[in-house]
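K.L.:
Next comes work-v1.txt, compact mmCIF, C-alpha atoms:
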# COMPACT_ATOMS: atom_id res chain seq x y z
CA MET A 108 -14.93 5.47 25.45
CA LEU A 109 -11.86 6.15 23.39
CA LYS A 110 -10.58 8.97 25.60
CA GLU A 111 -10.61 6.72 28.68
CA LYS A 112 -8.69 4.02 26.82
CA LEU A 113 -6.13 6.55 25.59
CA ALA A 114 -5.69 8.09 29.02
CA TYR A 115 -5.16 4.64 30.51
CA VAL A 116 -2.34 3.91 28.03
CA LEU A 117 -0.63 7.26 28.60
CA ASN A 118 -0.83 6.99 32.38
CA ASN A 119 0.17 3.35 32.76
CA PHE A 120 2.41 2.16 29.93
CA LEU A 121 4.59 4.99 28.63
CA PRO A 122 7.40 5.66 27.95
CA ASN A 123 7.51 2.21 26.34
CA ARG A 124 11.32 2.16 26.52
CA LEU A 125 11.21 2.20 30.33
CA LEU A 126 8.86 -0.80 30.71
CA SER A 127 10.08 -4.21 31.77
CA ASP A 128 9.51 -7.15 29.42
CA SER A 129 6.56 -8.34 31.49
CA GLN A 130 5.03 -4.84 31.56
CA ARG A 131 5.46 -4.54 27.81
CA THR A 132 3.66 -7.85 27.32
CA ILE A 133 0.74 -6.55 29.39
CA PHE A 134 0.80 -3.32 27.36
CA LYS A 135 0.60 -5.16 24.04
CA ARG A 136 -2.18 -7.39 25.35
CA TYR A 137 -4.13 -4.29 26.40
CA LEU A 138 -3.74 -2.71 22.95
CA ILE A 139 -4.89 -5.89 21.23
CA ASN A 140 -7.73 -6.91 23.55
CA ASP A 141 -9.09 -3.61 24.85
CA PHE A 142 -7.88 -0.64 22.84
CA SER A 143 -8.32 -2.23 19.41
CA LYS A 144 -11.86 -3.31 20.26
CA GLU A 145 -12.73 0.31 20.98
CA ILE A 146 -11.28 1.32 17.60
CA SER A 147 -13.19 -1.43 15.80
CA ARG A 148 -16.42 -0.01 17.22
CA LEU A 149 -15.77 3.22 15.28
CA ILE A 150 -14.85 1.84 11.86
CA ASP A 151 -16.28 -0.43 9.17
CA ASN A 152 -14.52 -3.71 9.92
CA ASP A 153 -15.32 -5.05 6.44
CA LEU A 154 -13.25 -2.22 4.93
CA PHE A 155 -10.49 -1.85 7.51
CA GLU A 156 -8.31 -4.02 9.71
CA ILE A 157 -6.37 -3.07 12.84
CA SER A 158 -2.72 -3.73 13.68
CA VAL A 159 -0.70 -3.15 16.86
CA HIS A 160 3.01 -2.31 17.05
CA THR A 161 4.97 -2.15 20.31
CA ALA A 162 8.30 -3.77 19.44
CA VAL A 163 10.31 -5.23 16.58
CA GLY A 164 13.57 -6.60 17.94
CA ARG A 165 13.67 -3.89 20.60
CA PRO A 166 11.04 -1.73 22.30
CA ALA A 167 9.34 0.73 19.97
CA ASP A 168 9.98 4.32 21.03
CA ILE A 169 6.63 5.21 19.48
CA PRO A 170 4.09 2.40 19.93
CA TRP A 171 1.18 2.66 17.54
CA VAL A 172 -2.12 1.19 16.46
CA GLY A 173 -2.81 1.12 12.73
CA ILE A 174 -6.00 1.14 10.65
CA HIS A 175 -5.38 -0.39 7.22
CA TYR A 176 -7.56 -0.60 4.13
CA ARG A 177 -8.47 -4.21 3.25
CA LYS A 178 -9.32 -3.89 -0.45
CA ASP A 179 -7.11 -5.59 -3.06
CA GLY A 180 -5.13 -3.31 -5.34
CA PHE A 181 -4.18 -0.81 -2.64
CA ASP A 182 -1.00 -0.76 -0.55
CA SER A 183 -1.97 -0.09 3.06
CA SER A 184 1.07 -1.69 4.67
CA SER A 185 2.96 0.24 7.33
CA GLN A 186 6.19 -0.44 5.43
CA THR A 187 5.42 1.12 2.04
CA GLY A 188 1.73 2.04 1.92
CA VAL A 189 -0.65 4.58 3.40
CA TYR A 190 -2.58 3.90 6.59
CA VAL A 191 -4.18 5.65 9.56
CA ALA A 192 -2.12 5.48 12.76
CA ILE A 193 -2.60 6.36 16.39
CA LEU A 194 0.94 7.26 17.46
CA PHE A 195 1.82 7.50 21.14
CA LYS A 196 4.47 10.17 21.73
CA VAL A 197 7.87 9.03 22.96
CA LEU A 198 7.44 10.31 26.52
CA GLY A 199 3.79 9.34 26.78
CA ASP A 200 2.75 12.97 27.13
CA GLY A 201 0.38 12.90 24.20
CA VAL A 202 -0.88 11.13 21.10
CA ALA A 203 -1.37 11.86 17.39
CA PHE A 204 -4.04 10.70 14.95
CA THR A 205 -2.38 10.68 11.55
CA LEU A 206 -2.68 9.51 7.97
CA GLN A 207 0.81 8.05 7.54
CA GLN A 208 3.07 7.21 4.62
CA GLY A 209 5.11 4.02 5.12
CA THR A 210 8.83 4.81 5.20
CA ASP A 211 10.73 1.51 4.96
CA LYS A 212 11.79 2.16 1.34
CA LEU A 213 12.45 5.88 1.91
CA SER A 214 15.95 6.46 3.24
CA SER A 215 15.88 10.13 4.21
CA ILE A 216 13.58 12.72 5.73
CA GLY A 217 13.75 14.62 2.43
CA SER A 218 12.51 11.62 0.42
CA ILE A 219 9.68 11.08 2.90
CA LYS A 220 8.55 14.69 2.59
CA GLU A 221 8.78 14.44 -1.20
CA LYS A 222 6.49 11.40 -1.15
CA VAL A 223 4.03 12.96 1.30
CA ARG A 224 3.74 16.45 -0.20
CA PRO A 225 1.63 15.63 -3.31
CA ILE A 226 -0.98 13.88 -1.16
CA SER A 227 -1.09 16.58 1.50
CA ASN A 228 -1.56 19.24 -1.17
CA THR A 229 -4.69 17.58 -2.59
CA ILE A 230 -6.33 15.71 0.29
CA ARG A 231 -9.44 17.05 1.99
CA LEU A 232 -8.93 18.44 5.50
CA PRO A 233 -11.75 17.32 7.82
CA SER A 234 -11.27 20.48 9.92
CA LEU A 235 -8.84 23.38 10.24
CA ASP A 236 -7.12 21.93 13.32
CA PHE A 237 -5.78 19.00 11.31
CA LYS A 238 -2.35 19.75 9.88
CA THR A 239 -0.31 18.57 6.91
CA THR A 240 3.03 19.63 8.37
CA PRO A 241 5.35 17.28 10.34
CA LEU A 242 4.23 16.09 13.76
CA SER A 243 6.02 16.71 17.08
CA LEU A 244 6.52 13.28 18.65
CA ARG A 245 10.05 13.45 20.06
CA PRO A 246 11.07 14.86 23.44
CA LEU A 247 12.97 18.09 23.84
CA PRO A 248 16.45 17.63 25.37
CA PHE A 249 16.46 17.16 29.14
CA ASP A 250 19.07 18.92 31.27
CA LYS A 251 20.28 16.23 33.66
CA THR A 252 21.47 18.86 36.12
CA VAL A 253 17.92 20.21 36.36
CA PHE A 254 16.16 16.82 36.23
CA PRO A 255 18.71 14.50 37.88
CA ASN A 256 16.14 11.96 39.08
CA ASP A 257 13.73 12.05 36.16
CA PRO A 258 13.74 8.58 34.52
CA ARG A 259 12.99 10.21 31.19
CA THR A 260 16.57 11.51 31.04
CA SER A 261 17.61 7.95 30.19
CA ILE A 262 15.75 8.18 26.89
CA GLN A 263 18.03 9.15 24.06
CA ILE A 264 17.59 12.41 22.19
CA PHE A 265 16.56 11.27 18.74
CA THR A 266 18.30 12.34 15.55
CA ASN A 267 16.57 13.09 12.27
CA SER A 268 17.44 9.60 11.05
CA SER A 269 15.53 7.90 13.89
CA ARG A 270 12.21 6.12 13.54
CA PRO A 271 10.35 8.81 15.56
CA ALA A 272 11.67 11.48 13.20
CA LYS A 273 10.43 9.50 10.21
CA TYR A 274 6.97 9.17 11.74
CA GLU A 275 6.92 12.94 12.18
CA ALA A 276 7.84 13.62 8.56
CA ALA A 277 5.49 10.89 7.24
CA ASN A 278 2.38 12.75 8.40
CA ILE A 279 0.07 13.34 5.45
CA LEU A 280 -2.76 14.66 7.57
CA GLY A 281 -2.86 14.61 11.35
CA LYS A 282 -3.85 16.08 14.67
CA GLU A 283 -1.99 16.01 17.98
CA TYR A 284 -3.38 15.88 21.51
CA ASP A 285 -1.45 16.72 24.67
CA MET A 286 -2.38 14.62 27.68
CA GLU A 287 -4.07 17.46 29.59
CA TYR A 288 -6.42 18.24 26.68
CA ILE A 289 -7.58 14.71 25.85
CA GLN A 290 -10.66 14.82 28.08
CA ASN A 291 -11.91 17.96 26.32
CA SER A 292 -11.29 16.68 22.78
CA ASP A 293 -13.71 14.98 20.38
CA LEU A 294 -11.40 12.03 19.81
CA GLU A 295 -14.01 9.72 18.34
CA GLY A 296 -15.26 12.38 15.94
CA ASP A 297 -11.73 13.26 14.85
CA LEU A 298 -10.72 9.64 14.27
CA THR A 299 -13.84 8.77 12.29
CA SER A 300 -13.35 11.93 10.19
CA LEU A 301 -9.75 10.94 9.47
CA VAL A 302 -10.78 7.41 8.49
CA ARG A 303 -13.50 8.85 6.23
CA VAL A 304 -10.95 11.03 4.44
CA TYR A 305 -8.68 7.98 4.12
CA ASN A 306 -11.52 5.98 2.57
CA GLU A 307 -12.31 8.75 0.07
CA TRP A 308 -8.67 9.04 -0.93
CA VAL A 309 -8.22 5.27 -1.34
CA ASN A 310 -11.24 5.13 -3.64
CA SER A 311 -9.79 7.93 -5.75
CA ILE A 312 -6.63 5.82 -6.15
CA LEU A 313 -8.50 2.67 -7.07
CA THR A 314 -10.71 4.37 -9.65
CA SER A 315 -7.69 5.90 -11.42
CA ASP A 316 -6.83 2.49 -12.96
CA LEU A 317 -10.19 0.81 -13.43
CA GLU A 318 -10.25 -2.54 -15.23
CA ASP A 319 -13.15 -1.52 -17.46
CA ARG A 320 -11.36 1.61 -18.59
CA TYR A 321 -8.17 -0.32 -19.29
CA GLN A 322 -10.03 -2.91 -21.35
CA GLU A 323 -11.84 -0.35 -23.51
CA SER A 324 -11.91 -1.08 -27.22
CA ILE A 325 -8.66 -0.28 -28.98
CA SER A 326 -8.58 1.63 -32.23
CA GLY A 327 -6.78 1.08 -35.48
CA SER A 328 -6.01 -1.98 -37.56
CA SER A 329 -3.89 -4.98 -36.73
CA ASN A 330 -1.24 -3.80 -39.17
CA GLU A 331 -0.39 -0.63 -37.30
CA ASN A 332 2.40 -1.75 -35.03
CA ASN A 333 3.64 -4.88 -36.74
CA GLU A 334 7.06 -3.34 -37.38
CA ILE A 335 8.69 -3.04 -33.98
CA LYS A 336 12.04 -1.38 -33.48
CA HIS A 337 14.69 -3.50 -31.81
CA GLU A 338 14.96 -1.31 -28.73
CA GLU A 339 11.25 -1.72 -28.07
CA THR A 340 11.60 -5.49 -27.65
CA VAL A 341 13.25 -5.08 -24.23
CA PRO A 342 11.10 -3.75 -21.36
CA PRO A 343 12.33 -0.49 -19.83
CA ASP A 344 13.48 -0.30 -16.23
CA ARG A 345 10.59 -0.06 -13.82
CA LEU A 346 9.82 3.23 -12.10
CA ASN A 347 10.99 3.68 -8.52
CA ARG A 348 8.48 4.07 -5.70
CA LEU A 349 8.90 7.84 -5.54
CA GLN A 350 7.58 8.05 -9.11
CA VAL A 351 4.45 6.05 -8.30
CA ARG A 352 1.46 7.49 -6.52
CA SER A 353 1.40 6.67 -2.80
CA GLY A 354 -0.89 3.79 -1.96
CA SER A 355 -0.64 2.32 -5.45
CA LEU A 356 0.92 -1.11 -5.83
CA HIS A 357 2.04 -0.12 -9.31
CA PRO A 358 1.79 2.79 -11.78
CA PRO A 359 -1.33 3.07 -13.96
CA ARG A 360 -1.29 0.46 -16.70
CA ASN A 361 -0.19 1.76 -20.09
CA ARG A 362 -3.02 1.07 -22.53
CA LYS A 363 -0.63 1.33 -25.49
CA GLU A 364 1.34 -1.72 -24.33
CA GLY A 365 -1.85 -3.75 -23.99
CA ASP A 366 -3.13 -2.53 -27.34
CA LEU A 367 0.12 -3.61 -28.97
CA ALA A 368 -0.09 -7.08 -27.41
CA ILE A 369 -3.58 -7.57 -28.87
CA LYS A 370 -2.57 -6.29 -32.29
CA LEU A 371 0.46 -8.59 -32.39
CA ALA A 372 -1.87 -11.50 -31.53
CA ASP A 373 -4.00 -10.43 -34.53
CA PHE A 374 -7.02 -9.93 -32.27
CA LEU A 375 -7.14 -13.63 -31.40
CA CYS A 376 -7.26 -15.39 -28.04
CA GLU A 377 -3.77 -16.72 -27.29
CA MET A 378 -5.19 -19.58 -25.22
CA ASP A 379 -7.29 -20.80 -28.15
CA SER A 380 -7.47 -18.96 -31.46
CA ASP A 381 -10.85 -20.55 -32.20
CA HIS A 382 -12.51 -18.63 -29.35
CA ARG A 383 -14.85 -15.98 -30.75
CA THR A 384 -16.35 -12.87 -29.12
CA PHE A 385 -17.75 -9.95 -31.15
CA ASN A 386 -16.36 -7.45 -33.61
CA LEU A 387 -15.30 -3.92 -32.78
CA SER A 388 -16.45 -0.98 -34.90
CA GLY A 389 -13.31 -1.34 -37.02
CA GLY A 390 -14.14 -4.97 -37.82
CA LYS A 391 -11.60 -6.54 -35.51
CA GLN A 392 -12.52 -9.01 -32.77
CA PHE A 393 -12.71 -7.79 -29.16
CA MET A 394 -10.03 -9.24 -26.86
CA GLU A 395 -8.86 -8.37 -23.35
CA LYS A 396 -5.37 -7.65 -22.02
CA HIS A 397 -3.85 -9.84 -19.31
CA HIS A 398 -0.53 -9.33 -17.50
CA LEU A 399 0.86 -12.82 -16.85
CA ILE A 400 3.16 -11.46 -14.15
CA PRO A 401 0.52 -9.53 -12.20
CA MET A 402 0.98 -5.79 -11.90
CA GLU A 403 0.82 -6.20 -8.11
CA GLN A 404 4.32 -7.71 -8.43
CA TYR A 405 5.61 -4.61 -10.24
CA PHE A 406 8.23 -3.63 -7.66
CA ASN A 407 9.66 -7.14 -7.43
CA PHE A 408 11.32 -6.82 -10.83
CA GLU A 409 14.01 -4.54 -12.24
CA LYS A 410 12.32 -4.40 -15.64
CA SER A 411 8.76 -3.15 -16.12
CA VAL A 412 6.13 -5.88 -16.24
CA ASP A 413 3.76 -3.40 -17.90
CA HIS A 414 5.16 -4.30 -21.32
CA TYR A 415 3.66 -6.17 -24.24
CA LEU A 416 6.03 -9.11 -23.70
CA ASN A 417 4.21 -9.76 -20.42
CA ILE A 418 0.70 -9.06 -21.77
CA TYR A 419 -1.48 -11.66 -23.48
CA SER A 420 -4.52 -11.27 -25.69
CA LEU A 421 -7.32 -13.33 -24.12
CA CYS A 422 -11.01 -13.67 -24.82
CA PRO A 423 -13.18 -12.50 -21.88
CA THR A 424 -13.96 -16.10 -20.86
CA CYS A 425 -10.30 -17.12 -20.69
CA HIS A 426 -9.45 -13.87 -18.93
CA ARG A 427 -12.01 -14.54 -16.20
CA LYS A 428 -11.01 -18.18 -16.03
CA ILE A 429 -7.34 -17.46 -15.32
CA HIS A 430 -8.41 -15.21 -12.44
CA TYR A 431 -11.40 -17.10 -11.03
CA GLY A 432 -11.44 -20.61 -12.47
CA GLU A 433 -10.75 -23.84 -10.63
CA LYS A 434 -7.19 -24.20 -9.39
CA GLU A 435 -6.18 -26.98 -11.79
CA ASP A 436 -7.60 -25.11 -14.79
CA ARG A 437 -5.73 -21.95 -13.85
CA LYS A 438 -2.53 -23.91 -13.32
CA GLU A 439 -2.83 -25.46 -16.79
CA MET A 440 -3.40 -22.03 -18.37
CA LEU A 441 -0.32 -20.62 -16.63
CA GLU A 442 1.79 -23.52 -17.91
CA ILE A 443 0.64 -22.91 -21.49
CA LEU A 444 1.07 -19.13 -21.49
CA TYR A 445 4.41 -19.24 -19.68
CA GLY A 446 5.66 -21.86 -22.15
CA MET A 447 4.89 -19.57 -25.10
CA ARG A 448 7.43 -17.00 -23.87
CA LYS A 449 9.54 -19.05 -21.49
CA THR A 450 12.85 -17.63 -22.74
CA ASN A 451 11.67 -14.03 -22.25
CA TYR A 452 10.43 -14.73 -18.75
CA GLN A 453 13.66 -16.45 -17.73
CA GLU A 454 16.12 -14.08 -19.39
CA ILE A 455 14.35 -10.73 -18.85
CA TYR A 456 12.47 -11.26 -15.61
CA GLY A 457 14.34 -14.22 -14.12
CA ILE A 458 11.03 -15.90 -13.29
CA GLN A 459 10.19 -19.61 -13.19
CA LEU A 460 6.81 -21.28 -13.60
CA ASN A 461 6.60 -22.01 -9.87
CA ASP A 462 6.84 -18.28 -9.20
CA LEU A 463 3.70 -17.76 -11.28
CA PHE A 464 1.94 -20.55 -9.40
CA ARG A 465 2.72 -18.71 -6.18
CA TYR A 466 1.43 -15.37 -7.52
CA TYR A 467 -1.84 -17.01 -8.58
CA ASN A 468 -2.09 -19.18 -5.47
CA VAL A 469 -2.35 -22.45 -7.39
Since I need it in another form, could you write the structure as structure tokens?

P.N.:
Amino acid sequence: MLKEKLAYVLNNFLPNRLLSDSQRTIFKRYLINDFSKEISRLIDNDLFEISVHTAVGRPADIPWVGIHYRKDGFDSSSQTGVYVAILFKVLGDGVAFTLQQGTDKLSSIGSIKEKVRPISNTIRLPSLDFKTTPLSLRPLPFDKTVFPNDPRTSIQIFTNSSRPAKYEAANILGKEYDMEYIQNSDLEGDLTSLVRVYNEWVNSILTSDLEDRYQESISGSSNENNEIKHEETVPPDRLNRLQVRSGSLHPPRNRKEGDLAIKLADFLCEMDSDHRTFNLSGGKQFMEKHHLIPMEQYFNFEKSVDHYLNIYSLCPTCHRKIHYGEKEDRKEMLEILYGMRKTNYQEIYGIQLNDLFRYYNV
């Protein structure tokens, strides 16, 4: 049972800071081999994976176990994404189940709250005792004159710039449990409810930028955007992470940029202009839009990769082939398409052909 596993951790391994190296090794082994197995019993292991965090460089003041969404196209990393976490309080006097926002790229408590607030305002609460306000994970100050022999007085009082403070502010939706109330709580029901809300929210993110919707037929003739102003030939700076919806690896793709790429290609496949598909209602041939630098790499560049200079007009067969074809065929396609705009890729994005090979795993 989950409550027995939690009680065992709280009674035997916390505060983590006060454990010896050998005790901490036993603690981590317990979380991986025993605690995580109990969590896996409660979730769909095809959809979610479990991680354990007890130390990076030095002992973690708040050890945690994470539940991360597996599906491509969603950022569930603990650094920048959104994930479910079981956070053990600093003193080991309780635990929190929380939907967390990763904070590695967010430098202040204010920026964390700004990132979290839009999600908390729209997400479904599984019950009224879940909260969207910051958690309480840090200890209150100890008076050493009152508690002279309490080993917990050796634990620092954490500032608002500390990791525990960031975990508190990064709560999107959570519930806390003090040690004495764990046995009377429906921990399994609460955790599965939280994971269900997480799953619903992730699916809402993924459906906001569906491939089929993006590839919908474009309107107008091929002559419409042939005259391009000079300033439009340079991609704009990319958005920062605060401007992009949490959990998304990139902003929604701009259909206008893809439409322009197809029009400039005169509705032909840029891999082979002899490839034929079918005509749209306006008489032009149907083509699909393909970002050569994948949108998943959006935040690795200073300039936006969602720009027509990085988008190719491909027939549906070539589009599927560059994603799913045999490795050598995909590699050859990347060489050809990269070569067409090599100067742009090197001067604007600073990218070499080998970088593309790495992105496409060829």

K.L.:
Smallest atom-to-atom distance to Phe408 of chain A: which of A:Asp344, A:Asp297, A:Asp379, A:Glu364, using only C-alpha atoms?

P.N.:
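The closest residue to Phe408 of chain A is A:Asp344.
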
K.L.:
Counting all atoms listed in the file, figure out which residue out of A:Thr229, A:Gln350, A:Asn361, A:Asn461 gets nearest to Phe406 of chain A.

P.N.:
A:Gln350

K.L.:
Up to 9 Å from (4.3, -2.4, 16.7) in the file's coordinates: name the residues, counting all atoms listed in the file, as a JSON list (two decimals) with C-alpha atoms, in the coordinates of the input.

P.N.:
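Result went into part.json, see below:
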[["chain", "number", "residue", "atom", "x", "y", "z"],
["A", 135, "LYS", "CA", 0.60, -5.16, 24.04],
["A", 158, "SER", "CA", -2.72, -3.73, 13.68],
["A", 159, "VAL", "CA", -0.70, -3.15, 16.86],
["A", 160, "HIS", "CA", 3.01, -2.31, 17.05],
["A", 161, "THR", "CA", 4.97, -2.15, 20.31],
["A", 162, "ALA", "CA", 8.30, -3.77, 19.44],
["A", 163, "VAL", "CA", 10.31, -5.23, 16.58],
["A", 166, "PRO", "CA", 11.04, -1.73, 22.30],
["A", 167, "ALA", "CA", 9.34, 0.73, 19.97],
["A", 169, "ILE", "CA", 6.63, 5.21, 19.48],
["A", 170, "PRO", "CA", 4.09, 2.40, 19.93],
["A", 171, "TRP", "CA", 1.18, 2.66, 17.54],
["A", 172, "VAL", "CA", -2.12, 1.19, 16.46],
["A", 173, "GLY", "CA", -2.81, 1.12, 12.73]]

K.L.:
Between atom CA of Asp381 of chain A and atom CA of Lys396 of chain A, measure the distance and give it in Å to one decimal.

P.N.:
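Rounded to one decimal, the two atoms are 17.3 Å apart.
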
K.L.:
Using atom CA of Asn386 of chain A and atom CA of Leu313 of chain A as the two end points, give the distance in Å to one decimal.

P.N.:
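Calculated distance between atom CA of Asn386 of chain A and atom CA of Leu313 of chain A is 29.5 Å.
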
K.L.:
Write out as a PyMOL selection string each polymer residue whose atoms come within 10 Å of Leu298 of chain A, counting all atoms listed in the file; drop sequence neighbours fewer than 2 positions from it.

P.N.:
chain A and resi 109+146+149-150+191-193+204-205+281-282+293-296+300-304

K.L.:
Between A:Leu194, A:Leu367, A:Leu416, A:Ile133, which is the closest to Thr450 of chain A once you count all atoms listed in the file?

P.N.:
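Closest to Thr450 of chain A, using all atoms listed in the file: A:Leu416.
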
K.L.:
Record the distance separating atom CA of Asp366 of chain A and atom CA of Met440 of chain A, expressed in Å with one decimal.

P.N.:
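Computing it gives 21.5 Å between the two atoms.
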
K.L.:
Could you produce a table of the residues of segment 291-407 of chain A lying within 9 Å of segment 206-219 of chain A, with the nearest pair of atoms per residue and their separation in Å rounded to one decimal, using all atoms listed in the file, ordered by chain and increasing residue number, as a tab-separated table?

P.N.:
residue	atom	partner	partner_atom	distance
A:Leu301	CA	A:Leu206	CA	7.4
A:Val302	CA	A:Leu206	CA	8.4
A:Tyr305	CA	A:Leu206	CA	7.3
A:Arg348	CA	A:Lys212	CA	8.0
A:Leu349	CA	A:Ser218	CA	7.9
A:Ser353	CA	A:Gln208	CA	7.6
A:Gly354	CA	A:Gln208	CA	8.4

K.L.:
Would you mind telling me which residue in A:Met286, A:Leu460, A:Leu441, A:Leu242 lies nearest to Ala114 of chain A when using all atoms listed in the file?

P.N.:
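For Ala114 of chain A, the nearest of the given residues is A:Met286.
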
K.L.:
Could you tell me which of A:Ser185, A:Asn278, A:Gln453, A:Ser127 comes closest to Ser227 of chain A if we count only C-alpha atoms?

P.N.:
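Closest candidate: A:Asn278.
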
K.L.:
Once you add 6 Å to each side, what are the centre and edge lengths of the axis-aligned box holding all listed atoms of segment 440-458 of chain A? One decimal in Å, as JSON, if you can.

P.N.:
{"center_x": 6.4, "center_y": -17.1, "center_z": -19.2, "size_x": 31.5, "size_y": 24.8, "size_z": 23.8}

K.L.:
Which residue, A:Leu232, A:His382, A:Tyr467, A:Glu156, has the smallest gap to Ser184 of chain A when you use only C-alpha atoms?

P.N.:
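Answer, going by the shortest atom-to-atom distance: A:Glu156.
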
K.L.:
Within 9 Å of Asp285 of chain A, counting all atoms listed in the file, which residues show up once you throw out same-chain ones fewer than 2 positions away? Write them as a ChimeraX atom specification, please.

P.N.:
/A:200-203,283,287-289
